[in-house]
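Chemist: Got final11.tsv for you, TSV, C-alpha atoms and all ligand atoms:
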chain	number	residue	atom	x	y	z
P	1	MET	CA	-41.80	24.76	-10.63
P	2	LYS	CA	-41.27	21.25	-9.40
P	3	TYR	CA	-38.21	21.22	-7.13
P	4	GLU	CA	-37.03	17.80	-6.00
P	5	GLY	CA	-35.44	17.50	-2.55
P	6	THR	CA	-33.16	20.15	-1.07
P	7	VAL	CA	-31.80	22.49	-3.73
P	8	TYR	CA	-28.30	23.96	-3.28
P	9	ARG	CA	-26.78	26.97	-4.99
P	10	PRO	CA	-23.66	29.12	-4.49
P	11	PRO	CA	-24.11	32.20	-2.23
P	12	SER	CA	-23.67	34.50	-5.24
P	13	GLU	CA	-26.74	32.93	-6.88
P	14	ALA	CA	-29.03	33.88	-3.97
P	15	ARG	CA	-31.17	36.08	-6.22
P	16	SER	CA	-31.16	33.78	-9.23
P	17	LEU	CA	-33.98	31.72	-10.62
P	18	ILE	CA	-32.93	28.13	-9.94
P	19	ILE	CA	-33.79	25.47	-12.47
P	20	GLN	CA	-33.00	21.81	-11.81
P	21	VAL	CA	-31.77	20.25	-15.02
P	22	THR	CA	-30.34	17.23	-13.18
P	23	ILE	CA	-31.29	15.67	-9.88
P	24	GLY	CA	-28.43	14.95	-7.46
P	25	CYS	CA	-24.76	14.50	-8.29
P	26	SER	CA	-23.46	11.89	-10.74
P	27	HIS	CA	-20.35	11.35	-8.56
P	28	ASN	CA	-21.91	11.51	-5.07
P	29	LYS	CA	-18.91	9.84	-3.40
P	30	CYS	CA	-17.05	12.70	-1.68
P	31	THR	CA	-16.60	11.69	1.96
P	32	PHE	CA	-17.35	15.17	3.39
P	33	CYS	CA	-20.44	15.94	1.28
P	34	SER	CA	-23.97	15.19	2.40
P	35	MET	CA	-25.77	17.38	-0.12
P	36	TYR	CA	-27.18	14.75	-2.46
P	37	LYS	CA	-26.95	11.56	-0.41
P	38	ASP	CA	-30.76	11.25	-0.43
P	39	LYS	CA	-31.07	11.60	-4.21
P	40	LYS	CA	-30.50	9.06	-6.94
P	41	PHE	CA	-28.82	10.84	-9.82
P	42	ARG	CA	-30.79	11.39	-13.01
P	43	ILE	CA	-31.05	13.82	-15.86
P	44	ARG	CA	-34.41	15.54	-16.12
P	45	LYS	CA	-36.42	15.31	-19.33
P	46	ILE	CA	-36.11	18.40	-21.47
P	47	ASP	CA	-39.90	18.87	-21.47
P	48	GLU	CA	-39.92	19.06	-17.67
P	49	VAL	CA	-37.14	21.69	-17.74
P	50	PHE	CA	-39.02	23.71	-20.38
P	51	GLU	CA	-42.20	23.45	-18.28
P	52	ASP	CA	-40.33	24.93	-15.28
P	53	LEU	CA	-38.98	27.75	-17.43
P	54	LYS	CA	-42.47	28.57	-18.76
P	55	THR	CA	-43.93	28.51	-15.23
P	56	ALA	CA	-41.19	30.84	-14.02
P	57	ARG	CA	-41.78	33.21	-16.95
P	58	LYS	CA	-45.41	33.53	-15.92
P	59	ALA	CA	-44.48	34.05	-12.25
P	60	TYR	CA	-41.59	36.53	-12.53
P	61	LYS	CA	-41.50	39.82	-14.41
P	62	ASN	CA	-37.76	40.28	-14.39
P	63	VAL	CA	-35.19	37.49	-14.27
P	64	ASN	CA	-31.60	38.69	-14.46
P	65	ARG	CA	-29.85	35.51	-13.47
P	66	ILE	CA	-30.59	31.82	-13.83
P	67	PHE	CA	-28.71	29.04	-12.07
P	68	LEU	CA	-28.78	25.49	-13.44
P	69	ALA	CA	-28.75	22.86	-10.66
P	70	ASP	CA	-28.23	20.21	-9.20
P	71	GLY	CA	-24.72	19.09	-8.27
P	72	ASN	CA	-22.91	18.90	-11.57
P	73	ALA	CA	-25.38	20.10	-14.18
P	74	LEU	CA	-22.60	20.49	-16.76
P	75	VAL	CA	-22.71	16.69	-17.04
P	76	LEU	CA	-25.54	17.25	-19.55
P	77	LYS	CA	-24.71	16.64	-23.20
P	78	THR	CA	-23.79	19.89	-24.95
P	79	GLU	CA	-26.75	19.56	-27.34
P	80	LYS	CA	-29.20	19.43	-24.44
P	81	LEU	CA	-27.54	22.37	-22.68
P	82	LYS	CA	-27.74	24.34	-25.93
P	83	GLN	CA	-31.46	23.61	-26.21
P	84	ILE	CA	-31.95	24.83	-22.62
P	85	LEU	CA	-29.93	27.99	-23.22
P	86	HIS	CA	-31.89	28.69	-26.44
P	87	LYS	CA	-35.14	28.34	-24.50
P	88	ILE	CA	-33.83	30.68	-21.78
P	89	ASN	CA	-32.89	33.27	-24.43
P	90	GLU	CA	-36.34	32.96	-26.01
P	91	LEU	CA	-38.32	33.22	-22.75
P	92	PHE	CA	-36.02	35.52	-20.73
P	93	PRO	CA	-34.40	38.00	-23.13
P	94	GLU	CA	-33.56	40.18	-20.09
P	95	CYS	CA	-31.42	37.43	-18.47
P	96	GLN	CA	-27.83	38.64	-18.05
P	97	ARG	CA	-26.16	35.50	-16.77
P	98	VAL	CA	-26.66	31.76	-16.60
P	99	GLY	CA	-24.56	29.90	-14.02
P	100	ILE	CA	-23.86	26.21	-13.45
P	101	TYR	CA	-22.13	23.77	-11.08
P	102	SER	CA	-19.44	21.95	-13.02
P	103	ALA	CA	-17.30	18.97	-12.07
P	104	PRO	CA	-13.78	18.67	-13.56
P	105	LYS	CA	-14.57	15.50	-15.50
P	106	ASP	CA	-17.62	17.13	-17.13
P	107	ILE	CA	-15.52	20.10	-18.22
P	108	LEU	CA	-12.76	17.87	-19.60
P	109	ARG	CA	-15.28	15.76	-21.51
P	110	LYS	CA	-16.35	18.83	-23.51
P	111	SER	CA	-14.21	20.35	-26.26
P	112	LEU	CA	-13.09	23.95	-25.97
P	113	GLU	CA	-15.32	24.77	-28.97
P	114	GLU	CA	-18.35	23.33	-27.17
P	115	LEU	CA	-17.64	25.47	-24.10
P	116	ILE	CA	-17.16	28.56	-26.28
P	117	GLU	CA	-20.54	27.86	-27.88
P	118	LEU	CA	-22.21	27.50	-24.46
P	119	HIS	CA	-20.65	30.80	-23.43
P	120	ARG	CA	-21.95	32.45	-26.60
P	121	LEU	CA	-25.45	31.22	-25.75
P	122	GLY	CA	-25.34	32.80	-22.28
P	123	LEU	CA	-23.48	30.45	-19.93
P	124	LYS	CA	-21.48	33.13	-18.15
P	125	ILE	CA	-20.20	31.52	-14.94
P	126	ALA	CA	-19.15	28.02	-13.85
P	127	TYR	CA	-18.57	26.95	-10.24
P	128	LEU	CA	-15.85	24.36	-9.68
P	129	GLY	CA	-15.29	22.67	-6.32
P	130	VAL	CA	-11.51	22.19	-6.18
P	131	GLU	CA	-11.75	21.54	-2.39
P	132	SER	CA	-7.99	20.85	-2.04
P	133	GLY	CA	-4.93	20.95	-4.27
P	134	SER	CA	-3.24	18.07	-2.48
P	135	PRO	CA	-3.35	14.73	-4.37
P	136	ASN	CA	-3.38	12.84	-1.04
P	137	ILE	CA	-6.31	14.82	0.32
P	138	LEU	CA	-8.28	14.58	-2.94
P	139	ASN	CA	-7.72	10.85	-2.78
P	140	PHE	CA	-8.71	10.65	0.91
P	141	ILE	CA	-11.97	12.53	0.31
P	142	LYS	CA	-12.73	10.38	-2.80
P	143	LYS	CA	-13.07	13.37	-5.10
P	144	GLY	CA	-12.26	11.10	-8.04
P	145	VAL	CA	-9.87	13.53	-9.77
P	146	THR	CA	-6.26	14.71	-9.50
P	147	PRO	CA	-4.87	18.25	-9.09
P	148	LYS	CA	-3.78	18.01	-12.74
P	149	ASP	CA	-7.41	17.37	-13.79
P	150	MET	CA	-8.52	20.37	-11.71
P	151	ILE	CA	-5.95	22.65	-13.32
P	152	GLU	CA	-6.76	21.49	-16.85
P	153	ALA	CA	-10.51	21.85	-16.27
P	154	GLY	CA	-10.22	25.29	-14.68
P	155	LYS	CA	-7.99	26.61	-17.45
P	156	LYS	CA	-10.34	25.27	-20.10
P	157	ILE	CA	-13.31	27.13	-18.61
P	158	ILE	CA	-11.31	30.37	-18.54
P	159	ALA	CA	-10.13	29.86	-22.13
P	160	SER	CA	-13.76	29.52	-23.25
P	161	GLY	CA	-14.65	32.97	-21.89
P	162	ILE	CA	-16.86	31.60	-19.11
P	163	LYS	CA	-16.04	33.18	-15.71
P	164	LEU	CA	-14.67	30.67	-13.22
P	165	SER	CA	-15.46	30.56	-9.51
P	166	VAL	CA	-13.57	27.93	-7.53
P	167	THR	CA	-14.08	26.69	-3.99
P	168	LEU	CA	-11.57	25.42	-1.44
P	169	ILE	CA	-12.48	23.97	1.96
P	170	SER	CA	-10.50	25.03	5.05
P	171	GLY	CA	-9.67	22.18	7.37
P	172	LEU	CA	-10.08	19.44	4.77
P	173	GLY	CA	-6.57	18.09	5.47
P	174	GLY	CA	-7.36	17.78	9.17
P	175	ARG	CA	-4.67	18.34	11.79
P	176	GLN	CA	-2.46	15.75	10.08
P	177	ASN	CA	-2.21	17.54	6.72
P	178	TRP	CA	-3.17	21.18	7.22
P	179	LYS	CA	0.09	22.60	5.85
P	180	GLU	CA	0.10	20.35	2.81
P	181	HIS	CA	-3.53	21.35	2.19
P	182	ALA	CA	-2.69	25.08	2.30
P	183	ILE	CA	0.47	24.91	0.18
P	184	GLU	CA	-0.76	22.47	-2.46
P	185	SER	CA	-4.12	24.25	-2.77
P	186	ALA	CA	-2.34	27.55	-3.36
P	187	LYS	CA	-0.28	25.89	-6.11
P	188	VAL	CA	-3.39	24.65	-7.93
P	189	ILE	CA	-5.15	28.01	-7.59
P	190	ASN	CA	-2.05	29.82	-8.87
P	191	GLU	CA	-1.98	27.56	-11.93
P	192	ILE	CA	-5.69	28.01	-12.66
P	193	ASP	CA	-5.68	31.74	-11.85
P	194	PRO	CA	-9.51	31.91	-11.45
P	195	HIS	CA	-11.73	35.00	-11.49
P	196	TYR	CA	-13.23	34.14	-8.08
P	197	LEU	CA	-12.02	32.08	-5.14
P	198	ALA	CA	-14.34	31.11	-2.28
P	199	LEU	CA	-12.91	29.57	0.88
P	200	LEU	CA	-15.44	27.68	2.98
P	201	THR	CA	-14.75	25.97	6.31
P	202	LEU	CA	-15.32	22.27	6.76
P	203	LEU	CA	-18.61	21.49	8.49
P	204	VAL	CA	-19.15	17.81	9.13
P	205	HIS	CA	-22.59	16.32	8.69
P	206	PRO	CA	-23.38	13.08	10.58
P	207	ASN	CA	-24.58	11.50	7.35
P	208	THR	CA	-21.07	11.34	5.86
P	209	GLU	CA	-18.11	8.98	5.70
P	210	LEU	CA	-15.89	11.75	7.09
P	211	TYR	CA	-18.03	11.89	10.23
P	212	ARG	CA	-17.40	8.20	10.79
P	213	GLN	CA	-13.67	8.70	10.16
P	214	ILE	CA	-13.63	11.40	12.86
P	215	GLN	CA	-15.48	9.11	15.25
P	216	ASN	CA	-12.93	6.32	14.83
P	217	GLY	CA	-9.91	8.62	15.03
P	218	GLU	CA	-8.81	8.54	11.37
P	219	PHE	CA	-9.28	12.30	10.98
P	220	THR	CA	-8.87	15.18	13.45
P	221	LEU	CA	-10.70	18.45	12.94
P	222	LEU	CA	-8.82	21.74	13.20
P	223	THR	CA	-9.64	24.19	15.96
P	224	PRO	CA	-10.84	27.66	14.83
P	225	ASN	CA	-7.37	29.08	15.50
P	226	GLU	CA	-5.74	26.32	13.45
P	227	VAL	CA	-8.14	27.06	10.59
P	228	MET	CA	-6.93	30.65	10.63
P	229	LEU	CA	-3.29	29.59	10.63
P	230	GLU	CA	-4.05	27.36	7.66
P	231	THR	CA	-5.84	30.23	5.86
P	232	LYS	CA	-2.81	32.44	6.51
P	233	GLU	CA	-0.52	29.84	4.94
P	234	LEU	CA	-2.85	29.57	1.93
P	235	ILE	CA	-3.07	33.32	1.33
P	236	LYS	CA	0.67	33.74	1.85
P	237	ASN	CA	1.28	31.25	-0.96
P	238	LEU	CA	-1.35	32.58	-3.36
P	239	ASN	CA	0.04	34.28	-6.41
P	240	VAL	CA	-2.89	35.11	-8.70
P	241	THR	CA	-3.40	37.88	-11.24
P	242	ASN	CA	-6.77	39.38	-10.39
P	243	CYS	CA	-9.01	37.25	-8.21
P	244	ILE	CA	-11.99	38.19	-6.09
P	245	PHE	CA	-11.50	36.34	-2.81
P	246	ARG	CA	-14.36	35.61	-0.41
P	247	SER	CA	-14.36	33.72	2.85
P	248	ASN	CA	-17.53	35.13	4.35
P	249	HIS	CA	-19.84	32.14	4.18
P	250	ALA	CA	-21.85	31.13	7.27
P	251	SER	CA	-19.33	28.30	7.79
P	252	ASN	CA	-16.34	30.65	8.21
P	253	TYR	CA	-14.97	31.66	11.63
P	254	LEU	CA	-13.73	35.04	10.41
P	255	PRO	CA	-15.30	36.95	7.50
P	256	LEU	CA	-12.67	37.84	4.89
P	257	ALA	CA	-13.12	39.57	1.53
P	258	GLY	CA	-10.78	41.24	-0.89
P	259	THR	CA	-9.19	41.21	-4.30
P	260	LEU	CA	-5.92	39.37	-4.76
P	261	PRO	CA	-3.12	40.28	-5.06
P	262	LYS	CA	-4.10	43.88	-4.17
P	263	ASP	CA	-5.46	43.06	-0.67
P	264	LYS	CA	-3.07	40.27	0.27
P	265	ASN	CA	-1.27	42.19	3.03
P	266	LEU	CA	-4.52	43.47	4.48
P	267	LEU	CA	-5.99	39.94	4.58
P	268	LEU	CA	-2.83	38.60	6.23
P	269	LYS	CA	-2.91	41.40	8.80
P	270	THR	CA	-6.56	40.65	9.64
P	271	LEU	CA	-5.70	36.98	10.02
P	272	ASN	CA	-2.68	37.75	12.23
P	273	ASN	CA	-4.84	39.84	14.55
P	274	ALA	CA	-7.48	37.10	14.66
P	275	VAL	CA	-4.88	34.40	15.41
P	276	ASN	CA	-3.45	36.50	18.24
P	277	GLU	CA	-6.89	37.18	19.70
P	278	LYS	CA	-8.15	33.63	19.04
P	279	TYR	CA	-11.15	35.28	17.39
P	280	ASP	CA	-14.21	33.17	16.61
P	281	TYR	CA	-16.77	34.99	14.50
P	282	ARG	CA	-19.22	32.09	14.81
P	283	ASP	CA	-19.03	32.28	18.65
P	284	GLU	CA	-19.87	35.96	18.40
P	285	LEU	CA	-22.80	35.16	16.14
P	286	PHE	CA	-24.12	32.54	18.53
P	287	ARG	CA	-23.68	34.90	21.49
P	288	SER	CA	-25.82	37.50	19.71
P	289	LEU	CA	-28.71	35.04	19.12
P	301	LIG	S1	-18.72	17.58	-3.35
P	301	LIG	FE1	-19.59	17.93	-5.36
P	301	LIG	S2	-18.82	16.20	-6.60
P	301	LIG	FE2	-18.54	15.63	-4.46
P	301	LIG	S3	-20.38	14.48	-3.93
P	301	LIG	FE3	-20.76	16.61	-3.32
P	301	LIG	S4	-21.78	17.53	-5.09
P	301	LIG	FE4	-20.85	15.61	-5.79
Show me the file's structure as structure tokens.

Modeler:
Amino acid sequence: MKYEGTVYRPPSEARSLIIQVTIGCSHNKCTFCSMYKDKKFRIRKIDEVFEDLKTARKAYKNVNRIFLADGNALVLKTEKLKQILHKINELFPECQRVGIYSAPKDILRKSLEELIELHRLGLKIAYLGVESGSPNILNFIKKGVTPKDMIEAGKKIIASGIKLSVTLISGLGGRQNWKEHAIESAKVINEIDPHYLALLTLLVHPNTELYRQIQNGEFTLLTPNEVMLETKELIKNLNVTNCIFRSNHASNYLPLAGTLPKDKNLLLKTLNNAVNEKYDYRDELFRSL
């Protein structure tokens, strides 16, 4: 397989075969994101993708999951994605799930029928970076979409039968807008009602616009305790039907996991204890190194 540059995938795709169908991210403007700054976006030729799939077939006996990268692979035309899914079905009949990173605009550009067809061909999970539900914060981070776009896109994925995993980022409103970030994000998540919700914590890379904004005082990072207060406000306001919630990424100060709404009180209790103790899971990790 010919991987180009650093390849990213969601934590739940750790055991998946990763196939780059695009290189980079077609948006590549979010102020907090450094993932694809060194890559010029392009769509890979179908022959190259097929070559990678054939190489992987020879190398691996059993492939249960395949993840299509890079940043927003759903940007591919439906016809091309269908060809790739057909090839996956032909070469990997044992594959149970194909996953993909999807940006809201790419989802909205496709018809519901197209998404249903992709689901039928094996696309079983889409990852959508909502980041924040606040229009001001989405604007500040240059996400290029509104909360309304996020809601429409998320609902469309769910209506197609594809499972939806969304991501929010703790601390993205900074000290100035933490409450707005928590409350507005909860509103968007409640409207979408996703199958999975992952809450990461903002980590700032020097190679980003946000880093420069912090340096010149335009943005103030939250302390670990403030992040937990913000998370508490978010969870308090969440009102979803049946959502697997995870906040146990390496970036998080306190590992949290549960199913909402069933575990809401338990999660709030854990957060209350942590806020009172000023608990920092990452400190503990570093101390143990
Ligand atoms: S956050 Fe997502 S959409 Fe924004 S630049 Fe990074 S990969 Fe692209």

Chemist: Which neighbours of Leu203 of chain P fall inside 10 Å, counting only C-alpha atoms, when residues of the same chain fewer than 2 positions from it are skipped, and could you give them as JSON, numbers by chain?

Modeler: {"P": [32, 33, 169, 170, 171, 172, 200, 201, 205, 206, 211, 221, 251, 252]}

Chemist: For atom CA of Asn216 of chain P and atom CA of Ala182 of chain P, quote the distance in Å rounded to one decimal.

Modeler: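 Between atom CA of Asn216 of chain P and atom CA of Ala182 of chain P the gap is 24.8 Å.
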
Chemist: Counting all atoms listed in the file, what is within 8 Å of segment 229-238 of chain P, bar same-chain residues fewer than 2 positions away, as an MDAnalysis selection string?

Modeler: chainID P and resid 170:171 178:179 182:183 185:187 189:190 225:227 240 264 267:268 271:272 275

Chemist: Distance limit 7 Å, reference ligand LIG 301 (chain P), atoms considered: all atoms listed in the file. Which residues make the cut? Give them as a ChimeraX atom specification.

Modeler: /P:25-30,33-36,71-72,103,129,143

Chemist: I'd like the contact shell of Glu191 of chain P - 12 Å cut-off, all atoms listed in the file, skipping same-chain residues fewer than 5 positions apart - returned as a PyMOL selection string.

Modeler: chain P and resi 133+147-156+158+184-186+238-241

Chemist: Taking (-19.8, 26.6, -15.5) in the coordinates of the supplied file, I want to know which residues reach to within 8 Å of it, counting only C-alpha atoms; could you give the answer as a list of chain:residue names?

Modeler: P:Leu74, P:Gly99, P:Ile100, P:Tyr101, P:Ser102, P:Leu123, P:Lys124, P:Ile125, P:Ala126, P:Tyr127, P:Leu128, P:Ile157, P:Ile162, P:Lys163, P:Leu164

Chemist: May I ask which of the residues P:Arg120, P:Arg246, P:His181, P:Lys77 is the closest one to Ser132 of chain P, counting only C-alpha atoms?

Modeler: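 When distances to Ser132 of chain P are compared using only C-alpha atoms, the smallest one comes from P:His181.
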
Chemist: Nearest to Phe92 of chain P among P:Leu210, P:Leu260, P:Leu17, P:Ile137, with distances taken over only C-alpha atoms: which residue is it?

Modeler: P:Leu17

Chemist: In Å, how far is it from atom CA of Thr270 of chain P to atom CA of Phe219 of chain P?

Modeler: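 Taking atom CA of Thr270 of chain P and atom CA of Phe219 of chain P, their separation equals 28.5 Å.
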
Chemist: Would you compute the distance between atom CA of Thr146 of chain P and atom CA of Ile19 of chain P? Give it in Å to one decimal.

Modeler: 29.7 Å

Chemist: Of the candidates P:Leu85, P:Ile18, P:Cys243, P:Ala73, which one gets nearest to Pro104 of chain P if we count all atoms listed in the file?

Modeler: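 For Pro104 of chain P, the nearest of the candidates is P:Ala73.
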
Chemist: Within 7 Å of (-34.1, 16.4, -14.4) in the file's own coordinates, which protein, DNA or RNA residues have an atom, counting all atoms listed in the file? List them as a PyMOL selection string.

Modeler: chain P and resi 20-23+42-45+49

Chemist: Leaving out Ile88 of chain P and any residue of its chain fewer than 6 positions from it, which residues lie within 10 Å of it when counting all atoms listed in the file, given as a short mmCIF file (atom, residue, chain, number, x, y, z; two decimals) with C-alpha atoms, in the coordinates of the input?

Modeler:
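part10.cif, freshly written:
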data_model
loop_
_atom_site.label_atom_id
_atom_site.label_comp_id
_atom_site.auth_asym_id
_atom_site.auth_seq_id
_atom_site.Cartn_x
_atom_site.Cartn_y
_atom_site.Cartn_z
CA PHE P 50 -39.02 23.71 -20.38
CA LEU P 53 -38.98 27.75 -17.43
CA LYS P 54 -42.47 28.57 -18.76
CA ARG P 57 -41.78 33.21 -16.95
CA ILE P 66 -30.59 31.82 -13.83
CA LYS P 82 -27.74 24.34 -25.93
CA GLU P 94 -33.56 40.18 -20.09
CA CYS P 95 -31.42 37.43 -18.47
CA VAL P 98 -26.66 31.76 -16.60
CA LEU P 121 -25.45 31.22 -25.75
CA GLY P 122 -25.34 32.80 -22.28
#

Chemist: Tell me which of P:Met1, P:Leu202, P:Asn273, P:Tyr60 sits closest to Ala250 of chain P, counting all atoms listed in the file.

Modeler: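 Closest to Ala250 of chain P, using all atoms listed in the file: P:Leu202.
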
Chemist: From the set P:Leu197, P:Leu138, P:Leu68, P:Leu118, which residue has the shortest atom-to-atom contact distance to Asn177 of chain P, counting all atoms listed in the file?

Modeler: P:Leu138

Chemist: With 5 Å of padding per side, what axis-aligned box (centre and edge lengths, Å, one decimal) covers all the listed atoms of segment 90-97 of chain P? Give it as JSON.

Modeler:
{"center_x": -32.2, "center_y": 36.6, "center_z": -21.4, "size_x": 22.2, "size_y": 17.2, "size_z": 19.2}

Chemist: Quick one: of P:Lys58, P:Glu218, P:Arg109, P:Phe245, who's nearest to Thr167 of chain P, counting all atoms listed in the file?

Modeler: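 Closest to Thr167 of chain P, using all atoms listed in the file: P:Phe245.
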